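Only one structure is covered here, and it is reproduced in the block below.
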Amino acid sequence: MNALGYTYLNEYYSLLLPKLSVEVYQDPNADKEKLVPYGASKRKIIPGNRKISDTPFDHMIEAIKYQGIRLHYFAAIFQKVDVSELTIFIAQKPNSKYSRVIWYLYEWITESTLDLPDLNQGNYIKLFEDEFYYTLQDGDKDKRTRVINNAIGTREFCPTVRKTPKIKKCENVDVYKTAYAEMQRVGESVSADIIGRSINYLYTKETKSSTDIERETPDKHKMQRFLRAIRNAGLFELTKAKLIDLQNKIVEDSKKASDYRSDEIYVGSTLQRYGEVYEDVHYIGALAKHVPSLMNGLIKTHERMMFDASVPALIHATVISFGEVYIHPMDDGNGRIHRYLIHDVMKQREPKHKFIIPISASILKHEAEYDKVLEVISIPIMAMIDWELDSKNQNKLIVNNDIDYMYRYPDYTEHVSFVYEMMDKAISTELIEEVCLLVVFEGIKKVINNLSDIPNDKLDVITSIIISGAGRVSKTKRKYVFSYVDQELIEQIEEQSVHIISTIENELSVNIQEIMRKSN
């Protein structure tokens with residue numbers, strides 16, 4: 001079998017880029033196109049009767065046809081391509097759709113101009129096909145090649161998201177409307193007070209969960225600052241100054257930044273084996289010299305999607321938040337900024353919604369899946385990057401090669417699927433569990449209040465005791481409860497409390513005792 005498309009180009013230019021999930025080959029003996037498993041990946045087999053010229057430029061066309069536009073591949077290829085041969089190839093068919101796409105990509109990515117005259121006729125074509133990618137509705141017209149750049153990003157930072165069947169099922173879901181509908185399902189009309197108290201708890205839970213993911217135990221003041229930041233998500237423009245201000249609010253005073261980082265950075269852990277201590281490096285951020293450009297591109301990408309608004313809000317939030325964490329622009333606080341940005345972008349796109357969905361709490365429960373989706377980008381980068389730690393200089397990271405295109409042009413399709421899934425779980429578990437608990441709490445509290453006169457602070461304690469006992473007062477707590485509630489009323493209170501709890505549990509398939517335990 002003969003390699004086609006990006007597989008061929010990878011070999012021809014000695015790019016050493018990790019293979020794609022679907023590689024393309026031509027089988028001389030095949031009589032029809034088919035997709036076959038190949039270990040953990042797949043191969044698309046092209047029939048042998050198809051005539052394909054064996055030049056790198058023809059394989060660029062085959063790559064686009066069968067595997068779509070993979071910007072990181074083209075960025076790597078254009079560093080090695082013979083520019084004069086590329087110019088001659090395009091000049092042969094300058095009006096061809098694929099020639100124009102390759103022509104535009106070269107000049108856009110490299111910021112260099114090929115020795116070709118401007119096109120003066122022909123319809124405009126879109127760079128990315130709307131059928132297969134999430135794109136801007138309008139885009140930027142390039143008069144020279146008559147190509148409309150409808151990419152969601154910029155030359156400095158341009159993520160892509162493919163329209164997979166899984167994502168297309170979710171793209172029109174309004175997660176806030178879904179969340180509100182789920183809250184109303186707990187009761188025909190969940191009171192504004194209950195919703196308000198749920199929101200207060202969810203902000204706190206999101207703050208704690210985001211910190212727990214980092215394996216940190218921050219002090220109370222640091223937690224309060226992050227809590228206030230999340231409460232104010234969406235109120236400010238996304239700018240470099242805002243990101244630095246946010247970082248200053250959520251890290252220790254000694255780690256506050258005044259600019260993007262100026263040194264190389266890695267994520268890892270210190271291990272000890274056989275008496276020796278060494279660093280286990282999991283991920284290396286973009287080269288410090290590229291961070292200003294990458295972050296400028298990320299902010300401009302955000303602005304493009306804000307102005308256009310045709311890309312679904314949650315996809316917008318995903319590419320901006322994951323873009324930040326992979327670039328790793330700060331010396332500290334990148335992970336919490338990453339998860340903050342999901343809420344920030346969602347609130348900028350949907351300012352009418354007054355609550356958040358605690359996605360960090362879901363991520364915390366599904367850390368294996370979170371690590372797996374992060375590895376979609378991190379593993380290829382770590383496989384390609386040439387690095388070392390300078391043991392004589394406090395293990396300072398030294399990077400010996402430059403693969404900035406891996407950070408500039410990522411595919412975040414898997415990340416979008418993950419975020420949709422985590423949002424769904426956050427709605428069906430974290431959000432609903434809290435509302436259920438509050439409905440039960442308010443219901444039992446009302447029963448007790450109607451039958452006895454107890455100070456409000458003691459009333460809350462007794463209500464919690466009854467919920468923890470599945471509607472009944474445990475033997476160890478009876479003496480305390482009897483000091484505030486007449487004994488002859490306890491049976492009546494317990495009967496109604498059991499009914500309230502069982503009704504919620506049966507209708508919504510939840511375990512109130514377990515929710516209570518987790519909340520404490």
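Ordered as shown in the structure tokens, chains take letters A, B, and onward, while each chain numbers its residues from 1 and ligands are numbered from 1 in the order shown.
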Between region 482-516 of chain A and region 457-462 of chain A, at 12 Å or less, what are the per-residue closest atom pairs and their distances in Å? Count only C-alpha atoms, order by chain and rising residue number, and return it as CSV.
residue,atom,partner,partner_atom,distance
A:Phe482,CA,A:Ile462,CA,10.0
A:Ser483,CA,A:Lys458,CA,10.5
A:Tyr484,CA,A:Lys458,CA,8.1
A:Val485,CA,A:Ile462,CA,9.3
A:Ile490,CA,A:Ile462,CA,11.2
A:Ile493,CA,A:Ile462,CA,11.1
A:Glu494,CA,A:Ile462,CA,11.6
A:Ser497,CA,A:Ile462,CA,11.9
Take the selection from the previous step and output its residues with all heavy atoms, as a PDB file, in the first residue's frame.
ATOM      1  N   PHE A 482     -34.712  16.736  71.733  1.00  0.00           N
ATOM      2  CA  PHE A 482     -35.784  16.836  72.736  1.00  0.00           C
ATOM      3  C   PHE A 482     -35.656  18.103  73.593  1.00  0.00           C
ATOM      4  O   PHE A 482     -36.637  18.539  74.203  1.00  0.00           O
ATOM      5  CB  PHE A 482     -35.780  15.612  73.658  1.00  0.00           C
ATOM      6  CG  PHE A 482     -36.262  14.358  72.987  1.00  0.00           C
ATOM      7  CD1 PHE A 482     -35.981  13.105  73.518  1.00  0.00           C
ATOM      8  CD2 PHE A 482     -37.018  14.419  71.815  1.00  0.00           C
ATOM      9  CE1 PHE A 482     -36.422  11.949  72.910  1.00  0.00           C
ATOM     10  CE2 PHE A 482     -37.462  13.268  71.194  1.00  0.00           C
ATOM     11  CZ  PHE A 482     -37.163  12.030  71.746  1.00  0.00           C
ATOM     12  N   SER A 483     -34.471  18.694  73.625  1.00  0.00           N
ATOM     13  CA  SER A 483     -34.300  19.928  74.396  1.00  0.00           C
ATOM     14  C   SER A 483     -34.947  21.125  73.705  1.00  0.00           C
ATOM     15  O   SER A 483     -35.102  22.189  74.322  1.00  0.00           O
ATOM     16  CB  SER A 483     -32.820  20.193  74.651  1.00  0.00           C
ATOM     17  OG  SER A 483     -32.139  20.431  73.440  1.00  0.00           O
ATOM     18  N   TYR A 484     -35.331  20.928  72.423  1.00  0.00           N
ATOM     19  CA  TYR A 484     -35.963  22.026  71.687  1.00  0.00           C
ATOM     20  C   TYR A 484     -37.343  21.659  71.136  1.00  0.00           C
ATOM     21  O   TYR A 484     -38.147  22.545  70.830  1.00  0.00           O
ATOM     22  CB  TYR A 484     -35.077  22.461  70.509  1.00  0.00           C
ATOM     23  CG  TYR A 484     -33.760  23.048  70.947  1.00  0.00           C
ATOM     24  CD1 TYR A 484     -32.593  22.292  70.937  1.00  0.00           C
ATOM     25  CD2 TYR A 484     -33.686  24.361  71.405  1.00  0.00           C
ATOM     26  CE1 TYR A 484     -31.387  22.820  71.358  1.00  0.00           C
ATOM     27  CE2 TYR A 484     -32.479  24.901  71.825  1.00  0.00           C
ATOM     28  CZ  TYR A 484     -31.341  24.130  71.792  1.00  0.00           C
ATOM     29  OH  TYR A 484     -30.145  24.664  72.219  1.00  0.00           O
ATOM     30  N   VAL A 485     -37.608  20.365  70.956  1.00  0.00           N
ATOM     31  CA  VAL A 485     -38.874  19.917  70.381  1.00  0.00           C
ATOM     32  C   VAL A 485     -39.575  18.994  71.364  1.00  0.00           C
ATOM     33  O   VAL A 485     -38.944  18.062  71.907  1.00  0.00           O
ATOM     34  CB  VAL A 485     -38.632  19.174  69.042  1.00  0.00           C
ATOM     35  CG1 VAL A 485     -39.963  18.755  68.421  1.00  0.00           C
ATOM     36  CG2 VAL A 485     -37.844  20.053  68.072  1.00  0.00           C
ATOM     37  N   ILE A 490     -42.295  14.612  67.890  1.00  0.00           N
ATOM     38  CA  ILE A 490     -41.226  14.021  67.087  1.00  0.00           C
ATOM     39  C   ILE A 490     -41.760  13.012  66.074  1.00  0.00           C
ATOM     40  O   ILE A 490     -41.374  13.004  64.906  1.00  0.00           O
ATOM     41  CB  ILE A 490     -40.158  13.360  67.990  1.00  0.00           C
ATOM     42  CG1 ILE A 490     -39.345  14.444  68.702  1.00  0.00           C
ATOM     43  CG2 ILE A 490     -39.222  12.469  67.172  1.00  0.00           C
ATOM     44  CD1 ILE A 490     -38.524  15.314  67.770  1.00  0.00           C
ATOM     45  N   ILE A 493     -43.307  14.790  63.211  1.00  0.00           N
ATOM     46  CA  ILE A 493     -42.271  15.420  62.377  1.00  0.00           C
ATOM     47  C   ILE A 493     -41.537  14.367  61.548  1.00  0.00           C
ATOM     48  O   ILE A 493     -41.284  14.551  60.347  1.00  0.00           O
ATOM     49  CB  ILE A 493     -41.277  16.203  63.263  1.00  0.00           C
ATOM     50  CG1 ILE A 493     -41.961  17.429  63.868  1.00  0.00           C
ATOM     51  CG2 ILE A 493     -40.041  16.617  62.450  1.00  0.00           C
ATOM     52  CD1 ILE A 493     -41.114  18.148  64.912  1.00  0.00           C
ATOM     53  N   GLU A 494     -41.209  13.246  62.169  1.00  0.00           N
ATOM     54  CA  GLU A 494     -40.496  12.178  61.456  1.00  0.00           C
ATOM     55  C   GLU A 494     -41.345  11.610  60.324  1.00  0.00           C
ATOM     56  O   GLU A 494     -40.836  11.352  59.217  1.00  0.00           O
ATOM     57  CB  GLU A 494     -40.105  11.069  62.433  1.00  0.00           C
ATOM     58  CG  GLU A 494     -38.969  11.459  63.369  1.00  0.00           C
ATOM     59  CD  GLU A 494     -38.590  10.353  64.320  1.00  0.00           C
ATOM     60  OE1 GLU A 494     -39.469   9.533  64.680  1.00  0.00           O
ATOM     61  OE2 GLU A 494     -37.398  10.283  64.702  1.00  0.00           O
ATOM     62  N   SER A 497     -41.317  14.053  57.525  1.00  0.00           N
ATOM     63  CA  SER A 497     -39.963  14.167  56.965  1.00  0.00           C
ATOM     64  C   SER A 497     -39.615  12.984  56.077  1.00  0.00           C
ATOM     65  O   SER A 497     -39.046  13.143  54.990  1.00  0.00           O
ATOM     66  CB  SER A 497     -38.935  14.284  58.097  1.00  0.00           C
ATOM     67  OG  SER A 497     -39.154  15.446  58.865  1.00  0.00           O
TER      68      SER A 497
END
All strand (DSSP E or B) positions in region 64-270 of chain A, as number ranges by chain: A: 125-126, 133, 140-142, 147-149, 160, 162, 266-270
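Excluding Asp386 (chain A) itself and any same-chain residue fewer than 5 positions from it, the protein and nucleic acid residues within 10 Å of it, counting only C-alpha atoms, are Ile381, Ile398, Val399, Asn400, Asn401, Asp402 and Ile403 of chain A.
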Could those residues be written to a file, using all heavy atoms, as an mmCIF file, in the first residue's frame?
data_model
loop_
_atom_site.group_PDB
_atom_site.id
_atom_site.type_symbol
_atom_site.label_atom_id
_atom_site.label_comp_id
_atom_site.auth_asym_id
_atom_site.auth_seq_id
_atom_site.Cartn_x
_atom_site.Cartn_y
_atom_site.Cartn_z
ATOM 1 N N ILE A 381 2.814 16.627 21.713
ATOM 2 C CA ILE A 381 3.815 17.663 21.969
ATOM 3 C C ILE A 381 5.022 17.072 22.693
ATOM 4 O O ILE A 381 6.179 17.314 22.312
ATOM 5 C CB ILE A 381 3.195 18.821 22.780
ATOM 6 C CG1 ILE A 381 2.327 19.692 21.871
ATOM 7 C CG2 ILE A 381 4.285 19.674 23.449
ATOM 8 C CD1 ILE A 381 1.606 20.823 22.579
ATOM 9 N N ILE A 398 15.248 23.522 29.672
ATOM 10 C CA ILE A 398 15.844 23.971 28.413
ATOM 11 C C ILE A 398 15.149 23.224 27.273
ATOM 12 O O ILE A 398 15.086 21.996 27.278
ATOM 13 C CB ILE A 398 17.351 23.691 28.377
ATOM 14 C CG1 ILE A 398 18.060 24.430 29.517
ATOM 15 C CG2 ILE A 398 17.942 24.103 27.027
ATOM 16 C CD1 ILE A 398 19.515 24.032 29.692
ATOM 17 N N VAL A 399 14.628 23.965 26.297
ATOM 18 C CA VAL A 399 13.975 23.369 25.131
ATOM 19 C C VAL A 399 14.848 23.631 23.918
ATOM 20 O O VAL A 399 15.200 24.783 23.618
ATOM 21 C CB VAL A 399 12.557 23.948 24.918
ATOM 22 C CG1 VAL A 399 11.922 23.351 23.668
ATOM 23 C CG2 VAL A 399 11.681 23.680 26.142
ATOM 24 N N ASN A 400 15.192 22.555 23.212
ATOM 25 C CA ASN A 400 16.167 22.658 22.125
ATOM 26 C C ASN A 400 15.553 22.749 20.733
ATOM 27 O O ASN A 400 16.291 22.924 19.756
ATOM 28 C CB ASN A 400 17.117 21.455 22.174
ATOM 29 C CG ASN A 400 17.896 21.398 23.474
ATOM 30 O OD1 ASN A 400 18.446 22.400 23.918
ATOM 31 N ND2 ASN A 400 17.931 20.226 24.103
ATOM 32 N N ASN A 401 14.248 22.596 20.610
ATOM 33 C CA ASN A 401 13.622 22.739 19.291
ATOM 34 C C ASN A 401 12.371 23.597 19.406
ATOM 35 O O ASN A 401 11.880 23.860 20.505
ATOM 36 C CB ASN A 401 13.304 21.373 18.670
ATOM 37 C CG ASN A 401 12.334 20.561 19.498
ATOM 38 O OD1 ASN A 401 12.172 20.790 20.704
ATOM 39 N ND2 ASN A 401 11.672 19.596 18.877
ATOM 40 N N ASP A 402 11.886 24.029 18.271
ATOM 41 C CA ASP A 402 10.743 24.952 18.246
ATOM 42 C C ASP A 402 9.606 24.328 17.442
ATOM 43 O O ASP A 402 9.699 24.185 16.221
ATOM 44 C CB ASP A 402 11.170 26.279 17.610
ATOM 45 C CG ASP A 402 10.107 27.370 17.781
ATOM 46 O OD1 ASP A 402 8.961 27.034 18.136
ATOM 47 O OD2 ASP A 402 10.432 28.549 17.559
ATOM 48 N N ILE A 403 8.555 23.923 18.143
ATOM 49 C CA ILE A 403 7.376 23.348 17.484
ATOM 50 C C ILE A 403 6.159 24.207 17.824
ATOM 51 O O ILE A 403 5.112 23.713 18.222
ATOM 52 C CB ILE A 403 7.145 21.876 17.899
ATOM 53 C CG1 ILE A 403 7.093 21.735 19.433
ATOM 54 C CG2 ILE A 403 8.224 20.976 17.319
ATOM 55 C CD1 ILE A 403 6.627 20.350 19.894
#
From the set A:Glu430, A:Glu488, A:Glu23, A:Asp404, which residue has the shortest atom-to-atom contact distance to Leu35 (chain A), counting only C-alpha atoms? A:Glu23
Give the alpha helix (DSSP H) residues of region 208-404 of chain A, as assigned by DSSP on the backbone, as a ChimeraX atom specification. /A:208-213,220-231,240-250,291-308,313-327,334-349,359-365,367-384,404
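Considering only C-alpha atoms, the residue among A:Asp390, A:Glu414, A:Asp212, A:Glu442 positioned nearest to Ala361 (chain A) is A:Asp212.
Note that the spacing between CA of Ser21 (chain A) and CA of Val36 (chain A) amounts to 11.8 Å.
Shortest separation to Ile77 (chain A) among A:Ile102, A:Leu116, A:Val416, A:Ala3 occurs at residue A:Ile102, atoms counted being only C-alpha atoms.
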Test item: residues at most 10 Å from His221 (chain A), only C-alpha atoms, excluding those fewer than 4 positions along its chain, as a ChimeraX atom specification: /A:225-227,249-250,252
